[in-house]
Structure formats: structure tokens, C-alpha cells
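Colleague: What follows is protein_27.cif; its format and atoms are mmCIF, C-alpha atoms and all ligand atoms.
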data_query
#
loop_
_atom_site.label_atom_id
_atom_site.label_comp_id
_atom_site.auth_asym_id
_atom_site.auth_seq_id
_atom_site.Cartn_x
_atom_site.Cartn_y
_atom_site.Cartn_z
CA MET S 190 -17.14 18.97 9.82
CA ARG S 191 -14.92 21.04 7.53
CA TYR S 192 -11.72 19.01 7.67
CA ILE S 193 -8.61 18.75 5.54
CA GLY S 194 -8.61 15.34 3.92
CA ASN S 195 -12.26 14.59 4.81
CA LYS S 196 -13.22 11.69 2.54
CA THR S 197 -16.99 12.15 2.61
CA ARG S 198 -17.16 13.11 -1.07
CA LEU S 199 -14.85 10.26 -2.04
CA LEU S 200 -16.80 7.53 -0.27
CA PRO S 201 -18.50 6.25 -3.44
CA PHE S 202 -15.04 5.94 -5.07
CA LEU S 203 -13.60 4.17 -2.03
CA LEU S 204 -16.54 1.80 -1.57
CA SER S 205 -16.70 0.94 -5.27
CA THR S 206 -12.96 0.19 -5.24
CA ILE S 207 -13.48 -2.15 -2.29
CA GLU S 208 -16.21 -3.86 -4.29
CA ARG S 209 -14.05 -4.11 -7.40
CA LEU S 210 -11.40 -5.84 -5.30
CA ASP S 211 -14.08 -8.29 -4.22
CA LEU S 212 -13.46 -7.74 -0.52
CA ALA S 213 -16.36 -9.05 1.56
CA PRO S 214 -17.10 -7.12 4.78
CA LYS S 215 -15.13 -8.52 7.71
CA THR S 216 -12.92 -6.47 10.03
CA ALA S 217 -11.34 -3.22 8.88
CA HIS S 218 -8.96 -0.79 10.52
CA ASP S 219 -9.64 2.87 9.60
CA ALA S 220 -6.18 3.92 10.74
CA PHE S 221 -6.37 7.73 10.27
CA SER S 222 -9.97 8.26 11.13
CA GLY S 223 -10.31 12.09 11.29
CA THR S 224 -14.03 12.81 10.94
CA ALA S 225 -14.76 9.04 11.03
CA ALA S 226 -16.47 9.41 7.64
CA VAL S 227 -14.81 6.27 6.30
CA GLY S 228 -15.32 4.19 9.44
CA ARG S 229 -19.02 4.96 9.52
CA ALA S 230 -19.43 4.15 5.81
CA LEU S 231 -17.64 0.83 6.31
CA LYS S 232 -19.85 0.12 9.34
CA ALA S 233 -22.93 0.81 7.20
CA ALA S 234 -21.56 -1.58 4.58
CA GLY S 235 -21.33 -4.34 7.20
CA TRP S 236 -17.68 -4.10 8.30
CA ARG S 237 -16.62 -4.41 11.92
CA VAL S 238 -14.44 -1.33 12.27
CA ALA S 239 -11.50 -0.54 14.52
CA SER S 240 -10.53 3.09 14.11
CA SER S 241 -7.71 5.29 15.31
CA ASP S 242 -6.42 8.85 15.23
CA LEU S 243 -4.12 10.99 17.37
CA MET S 244 -6.72 13.68 18.00
CA THR S 245 -9.33 13.66 20.78
CA TYR S 246 -12.10 15.17 18.61
CA SER S 247 -11.59 12.29 16.19
CA TYR S 248 -11.95 9.83 19.07
CA VAL S 249 -15.25 11.56 19.90
CA PHE S 250 -16.45 11.12 16.28
CA GLN S 251 -15.32 7.50 16.22
CA ARG S 252 -17.27 6.78 19.39
CA ALA S 253 -20.39 8.60 18.13
CA TYR S 254 -20.45 7.36 14.53
CA VAL S 255 -18.65 4.02 14.55
CA VAL S 256 -18.97 2.53 18.04
CA ALA S 257 -22.40 3.75 19.27
CA GLN S 258 -25.17 1.36 18.26
CA ARG S 259 -28.50 2.79 19.33
CA SER S 260 -30.24 6.00 20.28
CA PRO S 261 -29.82 6.68 24.00
CA SER S 262 -32.90 6.59 26.25
CA PHE S 263 -31.56 9.04 28.85
CA ALA S 264 -33.63 7.29 31.53
CA ALA S 265 -31.07 7.84 34.33
CA LEU S 266 -30.62 11.46 33.35
CA ARG S 267 -34.32 12.20 33.37
CA ALA S 268 -34.58 10.65 36.81
CA GLY S 269 -31.41 12.22 38.20
CA ASP S 270 -31.36 15.86 37.05
CA PRO S 271 -34.13 17.88 38.73
CA GLU S 272 -33.59 20.99 36.59
CA LEU S 273 -33.93 18.93 33.40
CA ARG S 274 -37.02 17.20 34.80
CA ARG S 275 -38.67 20.55 35.43
CA ALA S 276 -37.94 21.65 31.83
CA LEU S 277 -39.23 18.36 30.41
CA ARG S 278 -42.51 18.87 32.26
CA SER S 279 -43.08 22.45 31.15
CA PRO S 280 -45.79 22.80 28.50
CA SER S 281 -43.73 25.12 26.29
CA PHE S 282 -40.81 22.68 26.28
CA ARG S 283 -43.11 19.78 25.49
CA ALA S 284 -44.69 21.73 22.66
CA SER S 285 -41.31 22.58 21.10
CA THR S 286 -39.98 19.01 21.31
CA ALA S 287 -43.13 17.02 20.45
CA GLY S 288 -42.20 14.03 18.29
CA THR S 289 -38.44 14.53 18.55
CA GLY S 290 -37.76 11.55 20.83
CA ALA S 291 -35.44 11.46 23.85
CA LEU S 292 -32.36 12.55 21.92
CA GLY S 293 -34.23 15.48 20.37
CA ALA S 294 -35.55 16.63 23.75
CA ILE S 295 -32.14 16.54 25.46
CA THR S 296 -30.62 18.35 22.48
CA GLU S 297 -33.23 21.08 22.66
CA TYR S 298 -32.63 21.43 26.39
CA LEU S 299 -28.88 21.84 25.88
CA ALA S 300 -29.12 24.11 22.87
CA ARG S 301 -31.88 26.46 24.01
CA TRP S 302 -32.83 26.04 27.64
CA ILE S 303 -29.64 26.30 29.64
CA ASP S 304 -27.98 29.69 30.03
CA GLY S 305 -24.58 30.43 28.58
CA GLU S 306 -21.73 30.68 31.08
CA ARG S 307 -18.14 31.86 30.93
CA GLY S 308 -15.65 28.99 30.70
CA PHE S 309 -12.49 28.09 28.82
CA ILE S 310 -13.77 28.85 25.31
CA GLY S 311 -15.48 32.09 26.30
CA THR S 312 -12.40 33.24 28.20
CA HIS S 313 -9.83 32.47 25.52
CA PHE S 314 -11.39 32.02 22.07
CA ALA S 315 -13.91 34.86 22.02
CA PRO S 316 -13.69 38.67 22.32
CA ALA S 317 -13.30 38.52 26.13
CA GLY S 318 -9.93 36.84 25.51
CA GLY S 319 -9.02 39.08 22.56
CA ARG S 320 -9.71 36.36 19.97
CA MET S 321 -12.52 36.05 17.47
CA TYR S 322 -13.05 32.32 16.92
CA PHE S 323 -16.61 32.56 18.26
CA THR S 324 -18.97 35.37 19.18
CA GLN S 325 -19.08 35.75 22.94
CA GLU S 326 -22.61 34.43 23.06
CA ASN S 327 -21.81 31.26 21.12
CA ALA S 328 -18.59 30.71 23.11
CA ASP S 329 -20.47 30.98 26.41
CA ARG S 330 -23.07 28.53 25.13
CA ILE S 331 -20.37 26.07 24.07
CA ASP S 332 -18.90 26.30 27.58
CA ALA S 333 -22.24 25.79 29.28
CA ILE S 334 -23.08 22.73 27.15
CA ARG S 335 -19.59 21.29 27.53
CA ARG S 336 -19.69 21.62 31.32
CA ARG S 337 -23.17 20.11 31.52
CA LEU S 338 -22.09 17.11 29.43
CA HIS S 339 -19.07 16.63 31.68
CA GLU S 340 -21.20 16.76 34.82
CA TRP S 341 -23.80 14.33 33.48
CA TRP S 342 -21.14 11.90 32.34
CA SER S 343 -18.85 12.05 35.35
CA SER S 344 -21.78 11.56 37.72
CA GLY S 345 -23.00 8.54 35.74
CA LEU S 346 -26.24 10.17 34.55
CA ILE S 347 -25.47 9.48 30.90
CA GLU S 348 -23.75 6.51 29.35
CA ASP S 349 -20.70 6.70 27.14
CA ASP S 350 -22.66 6.44 23.90
CA ALA S 351 -24.99 9.31 24.82
CA TYR S 352 -22.07 11.43 25.98
CA TYR S 353 -20.09 10.97 22.77
CA VAL S 354 -23.13 11.45 20.50
CA LEU S 355 -23.87 14.81 22.17
CA LEU S 356 -20.21 15.82 22.37
CA ALA S 357 -19.74 15.07 18.66
CA ALA S 358 -22.79 17.25 17.96
CA LEU S 359 -21.21 20.04 20.02
CA VAL S 360 -17.84 19.86 18.21
CA GLU S 361 -19.62 19.86 14.83
CA GLY S 362 -22.04 22.62 15.89
CA ALA S 363 -19.15 24.78 17.10
CA ASP S 364 -17.38 24.25 13.77
CA ARG S 365 -20.45 25.52 11.92
CA VAL S 366 -20.31 28.84 13.82
CA ALA S 367 -16.50 29.17 13.94
CA ASN S 368 -15.23 32.44 12.50
CA THR S 369 -12.56 30.77 10.38
CA ALA S 370 -11.92 29.88 6.78
CA GLY S 371 -12.20 26.20 7.72
CA VAL S 372 -9.06 25.58 9.77
CA TYR S 373 -8.30 27.10 13.15
CA ALA S 374 -4.76 28.27 12.30
CA ALA S 375 -6.25 31.77 12.23
CA TYR S 376 -9.57 33.43 12.94
CA ILE S 377 -11.04 36.02 10.60
CA LYS S 378 -10.84 39.61 11.81
CA ARG S 379 -14.45 40.44 10.84
CA TRP S 380 -17.46 38.37 11.85
CA GLN S 381 -18.54 36.04 9.04
CA ALA S 382 -22.24 35.29 8.45
CA ASN S 383 -21.93 31.72 9.77
CA ALA S 384 -20.29 32.95 13.02
CA ARG S 385 -23.16 35.36 13.74
CA ARG S 386 -25.71 32.55 13.67
CA PRO S 387 -26.63 30.99 17.00
CA LEU S 388 -25.01 27.67 17.86
CA THR S 389 -27.18 24.68 16.94
CA LEU S 390 -26.78 21.01 17.81
CA LYS S 391 -27.67 18.30 15.31
CA PRO S 392 -26.77 14.97 16.89
CA GLU S 393 -26.86 11.93 14.67
CA ILE S 394 -28.92 8.96 15.72
CA PRO S 395 -26.47 6.06 16.10
CA GLN S 396 -26.90 3.30 13.53
CA ARG S 397 -26.63 -0.39 14.22
CA GLY S 398 -23.63 -2.21 12.84
CA PRO S 399 -21.59 -5.31 13.54
CA ARG S 400 -20.69 -5.71 17.22
CA GLY S 401 -17.15 -5.21 18.43
CA ALA S 402 -16.28 -1.88 16.80
CA SER S 403 -13.58 0.04 18.64
CA ALA S 404 -12.23 3.59 18.81
CA HIS S 405 -8.71 4.63 19.73
CA ARG S 406 -6.98 7.92 20.39
CA ALA S 407 -3.62 6.51 19.45
CA ASP S 408 -0.96 6.16 16.81
CA ALA S 409 -2.08 4.14 13.78
CA GLY S 410 0.93 1.79 14.06
CA VAL S 411 0.29 1.01 17.72
CA VAL S 412 -3.38 0.18 17.04
CA ALA S 413 -2.47 -1.83 13.91
CA ALA S 414 -0.09 -3.97 15.96
CA SER S 415 -2.66 -4.67 18.65
CA ALA S 416 -5.63 -5.20 16.29
CA GLY S 417 -4.25 -8.56 15.10
CA GLU S 418 -5.48 -10.05 11.83
CA VAL S 419 -7.90 -7.86 9.89
CA GLU S 420 -9.14 -8.07 6.33
CA LEU S 421 -8.46 -4.46 5.40
CA ILE S 422 -6.48 -1.50 6.65
CA TYR S 423 -7.45 1.88 5.21
CA ILE S 424 -4.53 4.29 5.37
CA ASP S 425 -5.37 7.97 4.89
CA PRO S 426 -2.47 9.85 6.48
CA PRO S 427 -1.70 13.56 6.44
CA TYR S 428 0.03 14.28 3.17
CA ASN S 429 1.58 17.65 3.80
CA ALA S 430 3.50 19.48 6.52
CA ARG S 431 0.43 20.74 8.35
CA GLN S 432 0.07 19.18 11.78
CA TYR S 433 -3.59 18.61 12.56
CA ALA S 434 -2.86 19.45 16.22
CA GLY S 435 -2.08 23.04 15.17
CA TYR S 436 -4.86 23.40 12.63
CA TYR S 437 -7.68 22.03 14.77
CA HIS S 438 -6.65 23.02 18.31
CA VAL S 439 -10.04 24.59 19.07
CA PRO S 440 -12.14 21.46 18.35
CA GLU S 441 -9.47 19.59 20.33
CA VAL S 442 -9.99 21.86 23.34
CA ILE S 443 -13.78 21.44 23.14
CA ALA S 444 -13.44 17.67 22.85
CA ARG S 445 -11.05 17.44 25.80
CA GLY S 446 -12.97 19.93 27.94
CA TRP S 447 -10.49 21.25 30.42
CA PHE S 448 -12.03 21.46 33.87
CA ASP S 449 -9.11 20.98 36.28
CA ALA S 450 -5.53 21.43 35.07
CA VAL S 451 -6.03 24.40 32.75
CA PRO S 452 -3.46 24.45 29.94
CA VAL S 453 -1.24 27.40 29.05
CA LEU S 454 -2.13 28.89 25.67
CA ARG S 455 0.49 30.10 23.20
CA GLY S 456 0.47 32.84 20.60
CA LYS S 457 -2.21 34.78 18.81
CA THR S 458 -4.33 31.73 18.09
CA GLY S 459 -4.16 30.22 21.59
CA LEU S 460 -2.41 26.97 20.73
CA VAL S 461 -2.43 24.31 23.43
CA GLY S 462 0.37 21.81 24.05
CA SER S 463 0.14 18.86 21.69
CA ALA S 464 2.59 16.38 23.17
CA GLY S 465 2.05 12.99 21.53
CA GLN S 466 -0.02 14.50 18.70
CA GLN S 467 2.76 15.63 16.37
CA SER S 468 2.71 13.32 13.38
CA ASP S 469 5.73 11.85 11.58
CA TRP S 470 3.54 11.71 8.47
CA CYS S 471 3.81 15.52 8.22
CA SER S 472 7.57 15.29 7.65
CA ALA S 473 8.98 14.56 4.18
CA ARG S 474 11.96 12.92 5.88
CA LYS S 475 9.94 10.58 8.10
CA ALA S 476 6.77 9.79 6.13
CA GLY S 477 8.28 6.92 4.07
CA ALA S 478 9.58 5.15 7.17
CA ALA S 479 6.26 5.70 8.94
CA LEU S 480 4.45 3.97 6.07
CA SER S 481 6.83 0.98 5.99
CA GLU S 482 6.52 0.59 9.76
CA LEU S 483 2.73 0.71 9.61
CA LEU S 484 2.61 -1.89 6.83
CA ALA S 485 4.93 -4.12 8.86
CA ALA S 486 2.86 -3.67 12.03
CA THR S 487 -0.58 -4.39 10.58
CA GLY S 488 -2.04 -7.86 10.42
CA ALA S 489 -4.20 -6.83 7.45
CA ARG S 490 -4.56 -8.97 4.32
CA HIS S 491 -5.25 -5.95 2.15
CA ALA S 492 -4.22 -2.32 2.43
CA LEU S 493 -5.85 0.61 0.69
CA VAL S 494 -3.84 3.81 0.85
CA SER S 495 -5.23 7.23 -0.02
CA TYR S 496 -2.64 9.69 -1.08
CA ASN S 497 -2.79 13.08 -2.69
CA SER S 498 -1.03 13.87 -5.95
CA GLU S 499 0.61 16.87 -4.21
CA GLY S 500 1.70 14.90 -1.14
CA LEU S 501 5.07 14.97 0.65
CA LEU S 502 5.94 11.47 -0.57
CA SER S 503 6.57 11.35 -4.29
CA GLU S 504 4.53 8.80 -6.17
CA ARG S 505 7.70 6.84 -6.86
CA ASP S 506 8.71 6.63 -3.21
CA LEU S 507 5.20 5.71 -2.20
CA ARG S 508 5.03 2.93 -4.77
CA ASP S 509 8.46 1.62 -3.71
CA VAL S 510 7.43 1.33 -0.08
CA LEU S 511 4.13 -0.33 -1.04
CA ALA S 512 5.75 -2.75 -3.47
CA ARG S 513 8.28 -3.85 -0.84
CA ALA S 514 5.45 -4.68 1.57
CA ALA S 515 3.19 -6.34 -1.03
CA LYS S 516 2.91 -10.13 -0.98
CA PHE S 517 3.47 -10.43 -4.73
CA GLY S 518 5.19 -7.06 -5.19
CA THR S 519 2.15 -5.74 -7.04
CA VAL S 520 0.68 -2.29 -6.44
CA LYS S 521 -2.58 -1.31 -8.11
CA ARG S 522 -3.50 2.34 -8.47
CA TYR S 523 -7.00 3.77 -8.80
CA SER S 524 -7.55 7.48 -9.28
CA ARG S 525 -10.27 10.09 -9.39
CA GLY S 526 -10.16 13.86 -9.88
CA TYR S 527 -12.04 16.20 -7.58
CA ARG S 528 -12.34 19.90 -6.86
CA ARG S 529 -9.95 21.26 -4.25
CA TYR S 530 -11.36 21.83 -0.76
CA ARG S 531 -11.39 25.63 -0.58
CA SER S 532 -9.81 26.14 2.84
CA ASP S 533 -6.80 24.15 1.64
CA SER S 534 -5.69 27.49 0.31
CA ASP S 535 -3.00 28.40 2.84
CA ARG S 536 0.58 28.13 1.77
CA VAL S 537 2.42 25.86 4.23
CA GLY S 538 4.03 22.94 2.37
CA ARG S 539 1.57 23.27 -0.47
CA VAL S 540 2.14 23.88 -4.15
CA TYR S 541 -0.79 25.20 -6.14
CA GLN S 542 -1.66 23.28 -9.27
CA GLY S 543 -5.01 24.73 -10.24
CA ASP S 544 -8.38 23.96 -8.79
CA ARG S 545 -8.46 20.21 -9.35
CA VAL S 546 -6.57 17.57 -7.42
CA ARG S 547 -6.23 13.87 -8.22
CA GLU S 548 -7.05 11.58 -5.36
CA LEU S 549 -5.07 8.39 -5.60
CA LEU S 550 -6.00 5.11 -4.01
CA TYR S 551 -3.41 2.33 -3.94
CA HIS S 552 -4.13 -1.29 -3.22
CA VAL S 553 -1.66 -3.90 -2.05
CA ARG S 554 -2.23 -7.45 -0.95
CA LEU S 555 -0.09 -7.89 2.17
CA ARG S 556 -0.64 -11.58 2.97
C1 LIG F 601 -6.19 13.00 5.88
S1 LIG F 601 -6.78 13.03 7.52
C2 LIG F 601 -7.89 11.67 7.57
C3 LIG F 601 -9.23 12.07 7.10
C4 LIG F 601 -10.29 11.02 7.30
N1 LIG F 601 -10.12 9.87 6.45
C5 LIG F 601 -11.65 11.64 7.06
O1 LIG F 601 -12.37 11.24 6.11
O2 LIG F 601 -12.02 12.54 7.82
C6 LIG F 601 -5.39 12.43 8.42
C7 LIG F 601 -5.67 12.14 9.90
O3 LIG F 601 -4.53 11.45 10.42
C8 LIG F 601 -4.39 11.78 11.78
N2 LIG F 601 -3.03 11.35 12.16
C9 LIG F 601 -1.84 11.94 11.89
N3 LIG F 601 -0.82 11.17 12.31
C10 LIG F 601 -1.37 10.05 12.83
C11 LIG F 601 -0.84 8.88 13.41
N4 LIG F 601 0.47 8.68 13.54
N5 LIG F 601 -1.70 7.91 13.83
C12 LIG F 601 -3.05 8.09 13.72
N6 LIG F 601 -3.61 9.19 13.19
C13 LIG F 601 -2.79 10.16 12.75
C14 LIG F 601 -4.70 13.26 11.82
O4 LIG F 601 -5.06 13.67 13.11
C15 LIG F 601 -5.84 13.36 10.81
O5 LIG F 601 -7.09 13.26 11.44
#
Let me see the file written as C-alpha cells.
Ligand SMILES: C[S@@+](CC[C@H](N)C(=O)[O-])C[C@H]1O[C@@H](n2cnc3c(N)ncnc32)[C@H](O)[C@@H]1O
Modeller:
Amino acid sequence: MRYIGNKTRLLPFLLSTIERLDLAPKTAHDAFSGTAAVGRALKAAGWRVASSDLMTYSYVFQRAYVVAQRSPSFAALRAGDPELRRALRSPSFRASTAGTGALGAITEYLARWIDGERGFIGTHFAPAGGRMYFTQENADRIDAIRRRLHEWWSSGLIEDDAYYVLLAALVEGADRVANTAGVYAAYIKRWQANARRPLTLKPEIPQRGPRGASAHRADAGVVAASAGEVELIYIDPPYNARQYAGYYHVPEVIARGWFDAVPVLRGKTGLVGSAGQQSDWCSARKAGAALSELLAATGARHALVSYNSEGLLSERDLRDVLARAAKFGTVKRYSRGYRRYRSDSDRVGRVYQGDRVRELLYHVRLR
């Protein structure tokens, strides 16, 4: 997913730094999980991962990419949903899904066989609601798929892993056809080419990893305190004033799926209430204290901290906080330059310094 701070492109740098530090895979806490890109890479490298983030869509990614261990069989669903059973038996459906496995067949059914229907997204985030985040057709499809997933899950026809794998595919698929420049703080007033394409679902087959991985929709400090002793905490906080709750409210709404108590929407972009999701790390005044508290709360032996050279905390303040928490007072810094993520281009709390940004990775030994 297009996401501010997504570390996918920096994974080789992060993993090679972990190797340079000679850290053998044990338990790691990916404290600001976002897209779960880091958690899933650590899982693939043999780490048992606990991950956390304030946002619900991140919890969905954590469940799909870090916690889920095997491809779902959908046996109960096939037995319990007569409409699906009819589709699965039809020759044209069988022809179009031959060789795709159970996950491929259910995906095809959701993406192409069920009709679109008007729901929360179609009513508020598409032309019917005066907004242009999605074409009406894609919005109605998102609603239909979201409701179907909710029904299957709440009636016990699909297990948690299957639910989160499909829901993650829906959030990512919706992002691919969102009529935005990458963040949802505004929609574009003319339909972009990506938004005109029909919604597609591309679920990822869960990969096996060490048992005992966990996902949390919670504050990093709270999860750090309850996780106990871990080998590594990876800290990748927001580094500017932009609250993720305001920039990604549409994926948040899809992930939460409002079916009963419908929220009140605010303003042109249809913001939803984000109580408990406003981050102290987005405040220059509070970010330093938030970092010291997190370092005090974690039971990690090592901390790796990603921070951007244009972040709210100056390098000096960051180093001071890290040095105070370090067992021997030593802070090591690793850095790599990369090209700026294009939709970082809005102006809130951001100073332009050309097209390249330095990504900084700090290491401290905590105990
Ligand atoms: C820079 S992004 C992390 C990106 C992530 N490493 C990735 O590769 O996608 C920062 C994340 O921190 C989350 N966040 C902000 N404050 C938080 C807090 N107090 N506890 C946990 N997560 C928080 C945001 O929701 C956002 O997903």
C-alpha cells in the first residue's frame, strides 16, 4: 500500500544492519507496524514478531502478514454458504478459477461474482455522497465485499486468518483504485487512470514463521510494557506533524467496517472520529518524551530506531534521548539515502530539501 514511512524499499538496509549487529533471530517487537512490511520481513528471517500500531488497517495487515501461518481451506464456508456453493459448481466459475486453489476461488467470487451494493463507502466516499475517493462502481463493490466478509466472519463461516487475509486484500485493492495522490487528506477532482480501473483483490498466501506472533491495535509503549523481554524493538514512529488517523481515514473506515453505530463524518473529506488514535509522536513538544517513555517501557536488549533527517526531533535531541537510555551510553548511527516518496509532497510540517532524503537508523544496546 502507498503509505508514508513504508519501509519496503529500506528492508535490505534494515536487515543488513541487523546482521551487522550480529543479532540472531529471537523475538522482536515491530512497534509502529503501519503496513507490517518490517514485521513480515522479520518473520521471514526467522524472528517471532509482536507488532503494534494505533490504526485498525495496520492491525489487519499485521494479522494477515505476520500472524497468519497458512492458506485457509474455507471448508466451513463452502459448506455453509449456499450462494457460494452454487457459484463454485458452475462450469464458467470453475473454468475461470482452475488451478487457483481455495483462496483464489473465494477471491474470484468476491471480486467478480457478487453484485455491488450501496453501503458506507458508496454513500459517503463516492459521487453519491459528493466525494470522489472512488468511482461509484468501485465504492459499491468495496461495500458489498466488506459486508460479505463481515457476515462470513461473524457467523463463524471463516476463521480469523482467512478473514484478515481477505480484508487486507480489500484495503490494499481499494488503495490501488483510490482517486488520491497517495494519502486520503484530499481526493483529486478529476478521475485518475488508476481510479477508473475496476477493483481487484490480490490476497497474499500466508507464509509460515515462528509460532507465537501477535498483533495489537494499541500504543507502542503499552505493548512494549506487556511484551516482556525481547531481543529487539524496532521503532519507526511518525516523524512529522501529520496524524495518520487524518491521512488514512478511508482505509481505516474500510478496515473497521461500520455496520451498526454509524459514525458522523466531518468536513469535505469525511473524517471520522479518531479518539485514541492521535499520536504524541506527531508533536515536536511531546515526541522526545514519548521516545524516552517507550525506551523505559520496553524489555528489549537492543533498539533500532528509524528516523528521518527532516523529522520533528532534531538529531541532537534524538541522540540525547537514546544515549540516556543506552546501557553503555553508546549510540551507533547507520544511514542510507533514498528518493523521496512522491506523495510526501504536501506542506504540513514539512520542509523541502530536494528530492533525496537520508534515512537514519540508530542502534542502542539497552540491557
Ligand atoms: C512511519 S509509520 C511506520 C511505517 C512502517 N514501518 C511500514 O513500513 O509501513 C508510523 C506508524 O506509527 C503509527 N503510530 C503513531 N503513533 C503510534 C503509537 N503511539 N503507537 C503505535 N503506533 C503508532 C502510525 O499509525 C503509523 O502507522
Colleague: Nearest to ligand LIG 601 (chain F): which of S:Val256, S:Leu204, S:Ala225, S:Leu210 is it, counting only C-alpha atoms and all ligand atoms?
Modeller: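 Going through S:Val256, S:Leu204, S:Ala225, S:Leu210 one by one, the smallest distance to ligand LIG 601 (chain F) is for S:Ala225.
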Colleague: Would you please work out which residue, of S:Ala333, S:Leu550, S:Ala294, S:Ala479, is nearest to Ser262 of chain S when using all atoms listed in the file?
Modeller: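 Of S:Ala333, S:Leu550, S:Ala294, S:Ala479, the one nearest Ser262 of chain S, counting all atoms listed in the file, is S:Ala294.
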Colleague: What does the distance between atom CA of Tyr192 of chain S and atom CA of Arg474 of chain S come to in Å, to one decimal place?
Modeller: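 Rounded to one decimal, the two atoms are 24.5 Å apart.
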Colleague: Which value, in Å to one decimal, gives the distance between atom CA of Phe263 of chain S and atom CA of Glu340 of chain S?
Modeller: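 These atoms are spaced 14.2 Å apart.
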Colleague: Counting only C-alpha atoms and all ligand atoms, which of S:Leu483, S:Val439, S:Ile347, S:Leu266 gets nearest to ligand LIG 601 (chain F)?
Modeller: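 Using only C-alpha atoms and all ligand atoms, ligand LIG 601 (chain F) sits closest to S:Leu483.
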Colleague: Chain S near ligand LIG 601 (chain F) within 8 Å: what's each residue's closest atom pair and its distance in Å to one decimal, counting all atoms listed in the file, ordered by chain then ascending residue number, as a Markdown table?
Modeller:
| residue | atom | partner | partner_atom | distance |
| --- | --- | --- | --- | --- |
| S:Tyr192 | CA | F:LIG601 | O2 | 6.5 |
| S:Ile193 | CA | F:LIG601 | C1 | 6.2 |
| S:Gly194 | CA | F:LIG601 | C1 | 3.9 |
| S:Asn195 | CA | F:LIG601 | O1 | 3.6 |
| S:Lys196 | CA | F:LIG601 | O1 | 3.7 |
| S:Thr197 | CA | F:LIG601 | O1 | 5.9 |
| S:Asp219 | CA | F:LIG601 | N1 | 7.7 |
| S:Ala220 | CA | F:LIG601 | C12 | 6.0 |
| S:Phe221 | CA | F:LIG601 | O3 | 4.2 |
| S:Ser222 | CA | F:LIG601 | C4 | 4.7 |
| S:Gly223 | CA | F:LIG601 | O5 | 3.4 |
| S:Thr224 | CA | F:LIG601 | O2 | 3.7 |
| S:Ala225 | CA | F:LIG601 | O2 | 5.5 |
| S:Ala226 | CA | F:LIG601 | O1 | 4.7 |
| S:Val227 | CA | F:LIG601 | O1 | 5.5 |
| S:Ser241 | CA | F:LIG601 | C12 | 5.7 |
| S:Asp242 | CA | F:LIG601 | N6 | 3.5 |
| S:Leu243 | CA | F:LIG601 | N6 | 4.6 |
| S:Met244 | CA | F:LIG601 | O4 | 5.2 |
| S:Ser247 | CA | F:LIG601 | O5 | 6.6 |
| S:Arg406 | CA | F:LIG601 | C12 | 7.7 |
| S:Ala407 | CA | F:LIG601 | C12 | 6.0 |
| S:Asp408 | CA | F:LIG601 | N5 | 3.5 |
| S:Ala409 | CA | F:LIG601 | N5 | 3.8 |
| S:Gly410 | CA | F:LIG601 | N5 | 6.7 |
| S:Ile424 | CA | F:LIG601 | N1 | 8.0 |
| S:Asp425 | CA | F:LIG601 | C1 | 5.2 |
| S:Pro426 | CA | F:LIG601 | C6 | 4.4 |
| S:Pro427 | CA | F:LIG601 | C6 | 4.3 |
| S:Tyr428 | CA | F:LIG601 | C1 | 6.9 |
| S:Gln432 | CA | F:LIG601 | C9 | 7.5 |
| S:Tyr433 | CA | F:LIG601 | O4 | 5.2 |
| S:Ala434 | CA | F:LIG601 | O4 | 6.9 |
| S:Gln466 | CA | F:LIG601 | N3 | 7.2 |
| S:Gln467 | CA | F:LIG601 | N3 | 7.0 |
| S:Ser468 | CA | F:LIG601 | N3 | 4.3 |
| S:Asp469 | CA | F:LIG601 | N4 | 6.4 |
| S:Trp470 | CA | F:LIG601 | N3 | 5.8 |
| S:Cys471 | CA | F:LIG601 | N3 | 7.6 |
| S:Ala479 | CA | F:LIG601 | N4 | 8.0 |
Colleague: Restrict the calculation to all atoms listed in the file, then for each residue of segment 369-417 of chain S with any atom at most 12 Å from an atom of segment 488-498 of chain S give the closest atom pair and their distance in Å to one decimal, rows by chain and rising residue number, as JSON lines.
Modeller:
{"residue": "S:Gly410", "atom": "CA", "partner": "S:Gly488", "partner_atom": "CA", "distance": 10.7}
{"residue": "S:Val411", "atom": "CA", "partner": "S:Gly488", "partner_atom": "CA", "distance": 11.7}
{"residue": "S:Val412", "atom": "CA", "partner": "S:Gly488", "partner_atom": "CA", "distance": 10.5}
{"residue": "S:Ala413", "atom": "CA", "partner": "S:Gly488", "partner_atom": "CA", "distance": 7.0}
{"residue": "S:Ala414", "atom": "CA", "partner": "S:Gly488", "partner_atom": "CA", "distance": 7.0}
{"residue": "S:Ser415", "atom": "CA", "partner": "S:Gly488", "partner_atom": "CA", "distance": 8.8}
{"residue": "S:Ala416", "atom": "CA", "partner": "S:Gly488", "partner_atom": "CA", "distance": 7.4}
{"residue": "S:Gly417", "atom": "CA", "partner": "S:Gly488", "partner_atom": "CA", "distance": 5.2}
Colleague: Please measure the separation of atom CA of Ala384 of chain S and atom CA of Val366 of chain S, giving the value in Å to one decimal.
Modeller: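 Answer for the atom CA of Ala384 of chain S to atom CA of Val366 of chain S separation: 4.2 Å.
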Colleague: In terms of the shortest atom-to-atom distance over only C-alpha atoms, which of S:Arg455, S:Arg337, S:Lys475, S:His405 is closest to Ala430 of chain S?
Modeller: S:Lys475
Colleague: Neighbourhood query: residues within 12 Å of (-21.2, 30.2, 23.6), file coordinates, counting all atoms listed in the file; return as a PyMOL selection string.
Modeller: chain S and resi 299-301+303-317+322-336+359+362-363+366-367+384-389+443
Colleague: Up to 9 Å from (-11.4, 21.2, 7.5) in the file's coordinates: name the residues, counting only C-alpha atoms, as a PyMOL selection string.
Modeller: chain S and resi 190-195+370-373+436-437+530+532-533
Colleague: Of the residues S:Val419, S:Leu346, S:Val255, S:Leu277, which is the one nearest to Thr216 of chain S, using only C-alpha atoms?
Modeller: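 Among the listed residues, the smallest separation from Thr216 of chain S belongs to S:Val419.
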Colleague: Restricting the calculation to all atoms listed in the file, which member of S:Gly477, S:Pro392, S:Leu199, S:Ser403 is positioned closest to Arg505 of chain S?
Modeller: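 Of S:Gly477, S:Pro392, S:Leu199, S:Ser403, the one nearest Arg505 of chain S is S:Gly477, counting all atoms listed in the file.
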Colleague: So that I can see what lies close to Leu507 of chain S, please list as a PyMOL selection string the residues with an atom at most 10 Å from it, counting all atoms listed in the file and leaving out residues fewer than 2 positions away in the same chain.
Modeller: chain S and resi 476-477+480-481+494+496+500-505+509-512+551
Colleague: Leaving out Tyr246 of chain S and any residue of its chain fewer than 3 positions from it, which residues lie within 8 Å of it when counting only C-alpha atoms, given as a PyMOL selection string?
Modeller: chain S and resi 249-250+357+360+440-441+443-445
Colleague: What does the file look like for those residues with C-alpha atoms, as a CSV table (one decimal), in the frame of the given file?
Modeller:
chain,number,residue,atom,x,y,z
S,249,VAL,CA,-15.2,11.6,19.9
S,250,PHE,CA,-16.4,11.1,16.3
S,357,ALA,CA,-19.7,15.1,18.7
S,360,VAL,CA,-17.8,19.9,18.2
S,440,PRO,CA,-12.1,21.5,18.4
S,441,GLU,CA,-9.5,19.6,20.3
S,443,ILE,CA,-13.8,21.4,23.1
S,444,ALA,CA,-13.4,17.7,22.8
S,445,ARG,CA,-11.0,17.4,25.8
